[in-house]
file input34.cif (mmCIF, N, CA and C atoms)
data_protein
#
loop_
_atom_site.label_atom_id
_atom_site.label_comp_id
_atom_site.auth_asym_id
_atom_site.auth_seq_id
_atom_site.Cartn_x
_atom_site.Cartn_y
_atom_site.Cartn_z
N MET A 1357 0.84 -1.18 0.00
CA MET A 1357 0.00 0.00 0.00
C MET A 1357 0.89 1.24 0.00
N GLU A 1358 0.49 2.22 -0.77
CA GLU A 1358 1.21 3.50 -0.77
C GLU A 1358 1.12 4.14 0.62
N ILE A 1359 2.14 4.91 0.97
CA ILE A 1359 2.18 5.53 2.29
C ILE A 1359 1.01 6.49 2.48
N SER A 1360 0.69 7.28 1.45
CA SER A 1360 -0.42 8.23 1.59
C SER A 1360 -1.74 7.49 1.83
N ALA A 1361 -1.93 6.35 1.19
CA ALA A 1361 -3.14 5.55 1.41
C ALA A 1361 -3.14 4.95 2.81
N ALA A 1362 -1.97 4.58 3.30
CA ALA A 1362 -1.87 4.03 4.65
C ALA A 1362 -2.21 5.10 5.69
N VAL A 1363 -1.76 6.33 5.46
CA VAL A 1363 -2.10 7.43 6.37
C VAL A 1363 -3.62 7.63 6.38
N GLN A 1364 -4.23 7.57 5.21
CA GLN A 1364 -5.69 7.73 5.14
C GLN A 1364 -6.41 6.60 5.87
N GLU A 1365 -5.88 5.40 5.81
CA GLU A 1365 -6.46 4.26 6.53
C GLU A 1365 -6.38 4.48 8.04
N VAL A 1366 -5.23 4.96 8.51
CA VAL A 1366 -5.07 5.26 9.94
C VAL A 1366 -6.09 6.33 10.34
N LYS A 1367 -6.18 7.37 9.53
CA LYS A 1367 -7.11 8.46 9.82
C LYS A 1367 -8.56 7.94 9.85
N LYS A 1368 -8.91 7.09 8.90
CA LYS A 1368 -10.27 6.54 8.83
C LYS A 1368 -10.60 5.75 10.10
N GLU A 1369 -9.65 4.94 10.54
CA GLU A 1369 -9.88 4.15 11.76
C GLU A 1369 -9.98 5.04 12.99
N LEU A 1370 -9.15 6.08 13.05
CA LEU A 1370 -9.24 7.01 14.17
C LEU A 1370 -10.58 7.73 14.16
N GLU A 1371 -11.05 8.12 12.97
CA GLU A 1371 -12.34 8.80 12.85
C GLU A 1371 -13.48 7.92 13.34
N SER A 1372 -13.40 6.63 13.07
CA SER A 1372 -14.48 5.74 13.51
C SER A 1372 -14.51 5.60 15.03
N THR A 1373 -13.39 5.82 15.67
CA THR A 1373 -13.31 5.72 17.13
C THR A 1373 -13.52 7.07 17.81
N PHE A 1374 -12.91 8.13 17.25
CA PHE A 1374 -12.88 9.42 17.93
C PHE A 1374 -13.71 10.52 17.26
N GLY A 1375 -14.18 10.29 16.05
CA GLY A 1375 -14.86 11.34 15.30
C GLY A 1375 -13.85 12.14 14.49
N ASN A 1376 -14.36 12.91 13.53
CA ASN A 1376 -13.49 13.62 12.58
C ASN A 1376 -12.56 14.63 13.25
N THR A 1377 -13.10 15.47 14.11
CA THR A 1377 -12.31 16.56 14.70
C THR A 1377 -11.19 16.03 15.58
N LEU A 1378 -11.52 15.12 16.47
CA LEU A 1378 -10.50 14.59 17.37
C LEU A 1378 -9.46 13.76 16.62
N ALA A 1379 -9.90 13.01 15.61
CA ALA A 1379 -8.96 12.23 14.80
C ALA A 1379 -7.98 13.16 14.09
N ALA A 1380 -8.49 14.25 13.53
CA ALA A 1380 -7.62 15.21 12.85
C ALA A 1380 -6.61 15.82 13.83
N SER A 1381 -7.06 16.08 15.04
CA SER A 1381 -6.17 16.63 16.07
C SER A 1381 -5.08 15.63 16.44
N ILE A 1382 -5.46 14.37 16.62
CA ILE A 1382 -4.49 13.33 16.98
C ILE A 1382 -3.44 13.19 15.88
N ILE A 1383 -3.90 13.17 14.63
CA ILE A 1383 -2.96 13.05 13.49
C ILE A 1383 -2.04 14.26 13.42
N ALA A 1384 -2.60 15.46 13.57
CA ALA A 1384 -1.79 16.68 13.47
C ALA A 1384 -0.71 16.73 14.55
N ILE A 1385 -1.09 16.41 15.78
CA ILE A 1385 -0.12 16.43 16.88
C ILE A 1385 0.93 15.34 16.67
N ALA A 1386 0.49 14.17 16.22
CA ALA A 1386 1.44 13.07 15.97
C ALA A 1386 2.40 13.43 14.85
N ARG A 1387 1.90 14.09 13.82
CA ARG A 1387 2.76 14.49 12.70
C ARG A 1387 3.85 15.44 13.18
N THR A 1388 3.48 16.36 14.06
CA THR A 1388 4.46 17.30 14.61
C THR A 1388 5.49 16.57 15.47
N LYS A 1389 5.01 15.69 16.35
CA LYS A 1389 5.93 14.94 17.22
C LYS A 1389 6.87 14.05 16.42
N ALA A 1390 6.35 13.46 15.35
CA ALA A 1390 7.16 12.53 14.54
C ALA A 1390 7.98 13.26 13.49
N ASN A 1391 7.75 14.57 13.35
CA ASN A 1391 8.42 15.36 12.32
C ASN A 1391 8.19 14.74 10.94
N ALA A 1392 6.95 14.30 10.71
CA ALA A 1392 6.57 13.65 9.45
C ALA A 1392 6.00 14.69 8.49
N PRO A 1393 6.53 14.77 7.29
CA PRO A 1393 6.05 15.76 6.32
C PRO A 1393 4.67 15.40 5.79
N LEU A 1394 3.96 16.39 5.30
CA LEU A 1394 2.65 16.16 4.70
C LEU A 1394 2.77 15.45 3.36
N ILE A 1395 3.83 15.78 2.63
CA ILE A 1395 4.05 15.21 1.29
C ILE A 1395 5.42 14.54 1.28
N GLY A 1396 5.49 13.40 0.62
CA GLY A 1396 6.78 12.71 0.49
C GLY A 1396 7.22 11.99 1.76
N MET A 1397 6.27 11.43 2.49
CA MET A 1397 6.58 10.73 3.72
C MET A 1397 7.30 9.41 3.40
N SER A 1398 8.37 9.15 4.12
CA SER A 1398 9.10 7.90 3.96
C SER A 1398 8.48 6.82 4.85
N LYS A 1399 8.93 5.58 4.67
CA LYS A 1399 8.45 4.50 5.54
C LYS A 1399 8.80 4.78 7.00
N GLN A 1400 9.99 5.33 7.22
CA GLN A 1400 10.38 5.65 8.60
C GLN A 1400 9.51 6.75 9.16
N ASN A 1401 9.19 7.78 8.35
CA ASN A 1401 8.28 8.84 8.80
C ASN A 1401 6.93 8.25 9.20
N PHE A 1402 6.43 7.32 8.36
CA PHE A 1402 5.13 6.71 8.64
C PHE A 1402 5.19 5.91 9.94
N SER A 1403 6.25 5.15 10.11
CA SER A 1403 6.43 4.37 11.33
C SER A 1403 6.47 5.27 12.56
N ASP A 1404 7.20 6.38 12.45
CA ASP A 1404 7.27 7.35 13.55
C ASP A 1404 5.91 7.98 13.82
N LEU A 1405 5.16 8.26 12.76
CA LEU A 1405 3.82 8.83 12.90
C LEU A 1405 2.91 7.84 13.65
N VAL A 1406 2.94 6.58 13.25
CA VAL A 1406 2.12 5.56 13.91
C VAL A 1406 2.51 5.45 15.39
N ASP A 1407 3.80 5.48 15.68
CA ASP A 1407 4.25 5.43 17.08
C ASP A 1407 3.69 6.61 17.87
N ALA A 1408 3.72 7.80 17.25
CA ALA A 1408 3.21 8.99 17.93
C ALA A 1408 1.70 8.92 18.12
N VAL A 1409 0.98 8.42 17.12
CA VAL A 1409 -0.47 8.26 17.25
C VAL A 1409 -0.78 7.30 18.38
N CYS A 1410 -0.12 6.16 18.39
CA CYS A 1410 -0.40 5.13 19.39
C CYS A 1410 0.09 5.52 20.77
N GLY A 1411 1.00 6.47 20.85
CA GLY A 1411 1.48 6.97 22.13
C GLY A 1411 0.64 8.12 22.68
N ASP A 1412 -0.27 8.64 21.87
CA ASP A 1412 -1.14 9.74 22.29
C ASP A 1412 -1.99 9.28 23.48
N ASN A 1413 -2.10 10.14 24.48
CA ASN A 1413 -2.85 9.80 25.70
C ASN A 1413 -4.29 9.43 25.41
N ARG A 1414 -4.91 10.10 24.43
CA ARG A 1414 -6.31 9.81 24.11
C ARG A 1414 -6.45 8.42 23.50
N VAL A 1415 -5.49 8.05 22.66
CA VAL A 1415 -5.51 6.73 22.05
C VAL A 1415 -5.25 5.66 23.11
N GLN A 1416 -4.27 5.91 23.95
CA GLN A 1416 -3.96 4.98 25.04
C GLN A 1416 -5.15 4.80 25.97
N SER A 1417 -5.83 5.90 26.27
CA SER A 1417 -6.98 5.86 27.17
C SER A 1417 -8.13 5.06 26.56
N MET A 1418 -8.37 5.26 25.26
CA MET A 1418 -9.50 4.60 24.60
C MET A 1418 -9.21 3.13 24.30
N LEU A 1419 -8.01 2.83 23.81
CA LEU A 1419 -7.68 1.47 23.37
C LEU A 1419 -6.93 0.65 24.42
N GLY A 1420 -6.33 1.32 25.37
CA GLY A 1420 -5.48 0.64 26.33
C GLY A 1420 -4.11 0.37 25.70
N GLY A 1421 -3.16 0.02 26.50
CA GLY A 1421 -1.81 -0.23 26.01
C GLY A 1421 -1.75 -1.37 25.00
N ALA A 1422 -2.43 -2.47 25.31
CA ALA A 1422 -2.41 -3.62 24.40
C ALA A 1422 -3.12 -3.29 23.08
N GLY A 1423 -4.22 -2.58 23.16
CA GLY A 1423 -4.95 -2.19 21.95
C GLY A 1423 -4.14 -1.26 21.07
N ALA A 1424 -3.43 -0.33 21.70
CA ALA A 1424 -2.58 0.61 20.95
C ALA A 1424 -1.43 -0.13 20.27
N ARG A 1425 -0.84 -1.10 20.97
CA ARG A 1425 0.24 -1.89 20.36
C ARG A 1425 -0.28 -2.71 19.19
N GLU A 1426 -1.48 -3.25 19.34
CA GLU A 1426 -2.09 -4.03 18.25
C GLU A 1426 -2.33 -3.16 17.02
N LYS A 1427 -2.88 -1.96 17.24
CA LYS A 1427 -3.11 -1.03 16.12
C LYS A 1427 -1.79 -0.63 15.48
N SER A 1428 -0.79 -0.39 16.29
CA SER A 1428 0.52 0.00 15.78
C SER A 1428 1.05 -1.04 14.81
N GLY A 1429 1.02 -2.29 15.23
CA GLY A 1429 1.49 -3.37 14.36
C GLY A 1429 0.67 -3.49 13.08
N LYS A 1430 -0.63 -3.39 13.23
CA LYS A 1430 -1.52 -3.48 12.06
C LYS A 1430 -1.23 -2.35 11.07
N TRP A 1431 -1.12 -1.14 11.57
CA TRP A 1431 -0.89 0.02 10.69
C TRP A 1431 0.48 -0.03 10.05
N LYS A 1432 1.49 -0.40 10.80
CA LYS A 1432 2.84 -0.48 10.21
C LYS A 1432 2.90 -1.54 9.11
N ASN A 1433 2.12 -2.60 9.26
CA ASN A 1433 2.09 -3.65 8.24
C ASN A 1433 1.40 -3.21 6.95
N LEU A 1434 0.69 -2.10 6.98
CA LEU A 1434 0.04 -1.60 5.78
C LEU A 1434 1.05 -1.24 4.69
N ILE A 1435 2.27 -0.88 5.10
CA ILE A 1435 3.27 -0.44 4.11
C ILE A 1435 4.36 -1.48 3.89
N ASN A 1436 4.26 -2.61 4.53
CA ASN A 1436 5.30 -3.65 4.37
C ASN A 1436 4.91 -4.69 3.35
#
call {"tool": "encode", "arguments": {"input": "input34.cif", "output": "structure tokens"}}
result
Amino acid sequence: MEISAAVQEVKKELESTFGNTLAASIIAIARTKANAPLIGMSKQNFSDLVDAVCGDNRVQSMLGGAGAREKSGKWKNLIN
């Protein structure tokens, strides 16, 4: 899967759990923390973004530690 499509998949799953506004906020904050560019994201950038999303307190609170780790693995596998 292309990285941009993988980012959209992550966003879609976050939206189903948190709603559009909160999902956009989680992605934006994670992008800043991971220093991931909007365009031309590398596999490492995507991996860092997923780590930042799954490390977000709201994601941890909603999914729990095990759930966040499960999502992290699933999302990282989208580009492998």
call {"tool": "atom_distance", "arguments": {"input": "input34.cif", "atom1": "atom C of Asn1436 of chain A", "atom2": "atom N of Lys1367 of chain A"}}
result
17.5 Å
call {"tool": "resolve_selection", "arguments": {"input": "input34.cif", "expression": "the PyMOL selection byres (((chain A and resi 1378-1389 and name CA) around 9) and name CA)", "output": "short mmCIF file (atom, residue, chain, number, x, y, z; two decimals) with N, CA and C atoms, in the coordinates of the input"}}
result
data_model
loop_
_atom_site.label_atom_id
_atom_site.label_comp_id
_atom_site.auth_asym_id
_atom_site.auth_seq_id
_atom_site.Cartn_x
_atom_site.Cartn_y
_atom_site.Cartn_z
N VAL A 1366 -5.23 4.96 8.51
CA VAL A 1366 -5.07 5.26 9.94
C VAL A 1366 -6.09 6.33 10.34
N LYS A 1367 -6.18 7.37 9.53
CA LYS A 1367 -7.11 8.46 9.82
C LYS A 1367 -8.56 7.94 9.85
N LYS A 1368 -8.91 7.09 8.90
CA LYS A 1368 -10.27 6.54 8.83
C LYS A 1368 -10.60 5.75 10.10
N GLU A 1369 -9.65 4.94 10.54
CA GLU A 1369 -9.88 4.15 11.76
C GLU A 1369 -9.98 5.04 12.99
N LEU A 1370 -9.15 6.08 13.05
CA LEU A 1370 -9.24 7.01 14.17
C LEU A 1370 -10.58 7.73 14.16
N GLU A 1371 -11.05 8.12 12.97
CA GLU A 1371 -12.34 8.80 12.85
C GLU A 1371 -13.48 7.92 13.34
N SER A 1372 -13.40 6.63 13.07
CA SER A 1372 -14.48 5.74 13.51
C SER A 1372 -14.51 5.60 15.03
N THR A 1373 -13.39 5.82 15.67
CA THR A 1373 -13.31 5.72 17.13
C THR A 1373 -13.52 7.07 17.81
N PHE A 1374 -12.91 8.13 17.25
CA PHE A 1374 -12.88 9.42 17.93
C PHE A 1374 -13.71 10.52 17.26
N GLY A 1375 -14.18 10.29 16.05
CA GLY A 1375 -14.86 11.34 15.30
C GLY A 1375 -13.85 12.14 14.49
N ASN A 1376 -14.36 12.91 13.53
CA ASN A 1376 -13.49 13.62 12.58
C ASN A 1376 -12.56 14.63 13.25
N THR A 1377 -13.10 15.47 14.11
CA THR A 1377 -12.31 16.56 14.70
C THR A 1377 -11.19 16.03 15.58
N ALA A 1390 6.35 13.46 15.35
CA ALA A 1390 7.16 12.53 14.54
C ALA A 1390 7.98 13.26 13.49
N ASN A 1391 7.75 14.57 13.35
CA ASN A 1391 8.42 15.36 12.32
C ASN A 1391 8.19 14.74 10.94
N ALA A 1392 6.95 14.30 10.71
CA ALA A 1392 6.57 13.65 9.45
C ALA A 1392 6.00 14.69 8.49
N PRO A 1393 6.53 14.77 7.29
CA PRO A 1393 6.05 15.76 6.32
C PRO A 1393 4.67 15.40 5.79
N LEU A 1394 3.96 16.39 5.30
CA LEU A 1394 2.65 16.16 4.70
C LEU A 1394 2.77 15.45 3.36
N ASN A 1401 9.19 7.78 8.35
CA ASN A 1401 8.28 8.84 8.80
C ASN A 1401 6.93 8.25 9.20
N ASP A 1404 7.20 6.38 12.45
CA ASP A 1404 7.27 7.35 13.55
C ASP A 1404 5.91 7.98 13.82
N LEU A 1405 5.16 8.26 12.76
CA LEU A 1405 3.82 8.83 12.90
C LEU A 1405 2.91 7.84 13.65
N VAL A 1406 2.94 6.58 13.25
CA VAL A 1406 2.12 5.56 13.91
C VAL A 1406 2.51 5.45 15.39
N ASP A 1407 3.80 5.48 15.68
CA ASP A 1407 4.25 5.43 17.08
C ASP A 1407 3.69 6.61 17.87
N ALA A 1408 3.72 7.80 17.25
CA ALA A 1408 3.21 8.99 17.93
C ALA A 1408 1.70 8.92 18.12
N VAL A 1409 0.98 8.42 17.12
CA VAL A 1409 -0.47 8.26 17.25
C VAL A 1409 -0.78 7.30 18.38
N CYS A 1410 -0.12 6.16 18.39
CA CYS A 1410 -0.40 5.13 19.39
C CYS A 1410 0.09 5.52 20.77
N GLY A 1411 1.00 6.47 20.85
CA GLY A 1411 1.48 6.97 22.13
C GLY A 1411 0.64 8.12 22.68
N ASP A 1412 -0.27 8.64 21.87
CA ASP A 1412 -1.14 9.74 22.29
C ASP A 1412 -1.99 9.28 23.48
N ARG A 1414 -4.91 10.10 24.43
CA ARG A 1414 -6.31 9.81 24.11
C ARG A 1414 -6.45 8.42 23.50
N VAL A 1415 -5.49 8.05 22.66
CA VAL A 1415 -5.51 6.73 22.05
C VAL A 1415 -5.25 5.66 23.11
#
call {"tool": "closest_residue", "arguments": {"input": "input34.cif", "among": "A:Ile1435, A:Glu1426, A:Leu1419, A:Ser1360", "to": "Gly1396 of chain A", "atoms": "all atoms listed in the file"}}
result
A:Ser1360
call {"tool": "atom_distance", "arguments": {"input": "input34.cif", "atom1": "atom C of Gly1420 of chain A", "atom2": "atom N of Ile1395 of chain A"}}
result
28.9 Å
call {"tool": "atom_distance", "arguments": {"input": "input34.cif", "atom1": "atom C of Ser1403 of chain A", "atom2": "atom N of Gln1416 of chain A"}}
result
15.7 Å
call {"tool": "axis_aligned_box", "arguments": {"input": "input34.cif", "around": "segment 1357-1372 of chain A", "padding_each_side": "8 Å", "output": "lines of an AutoDock Vina configuration file"}}
result
center_x = -6.2
center_y = 3.8
center_z = 7.1
size_x = 32.7
size_y = 26.0
size_z = 31.8
call {"tool": "select_by_dssp", "arguments": {"input": "input34.cif", "residues": "chain A", "states": "alpha helix (DSSP H)", "output": "NGL selection string"}}
result
:A and (1359-1374 or 1376-1390 or 1399-1411 or 1413-1432)
call {"tool": "residues_around", "arguments": {"input": "input34.cif", "residues": "segment 1429-1434 of chain A", "least_positions_apart": "3", "cutoff": "9 Å", "atoms": "only C-alpha atoms", "output": "ChimeraX atom specification"}}
result
/A:1357-1359,1361-1363,1365-1366,1399,1402-1403,1406,1424-1426
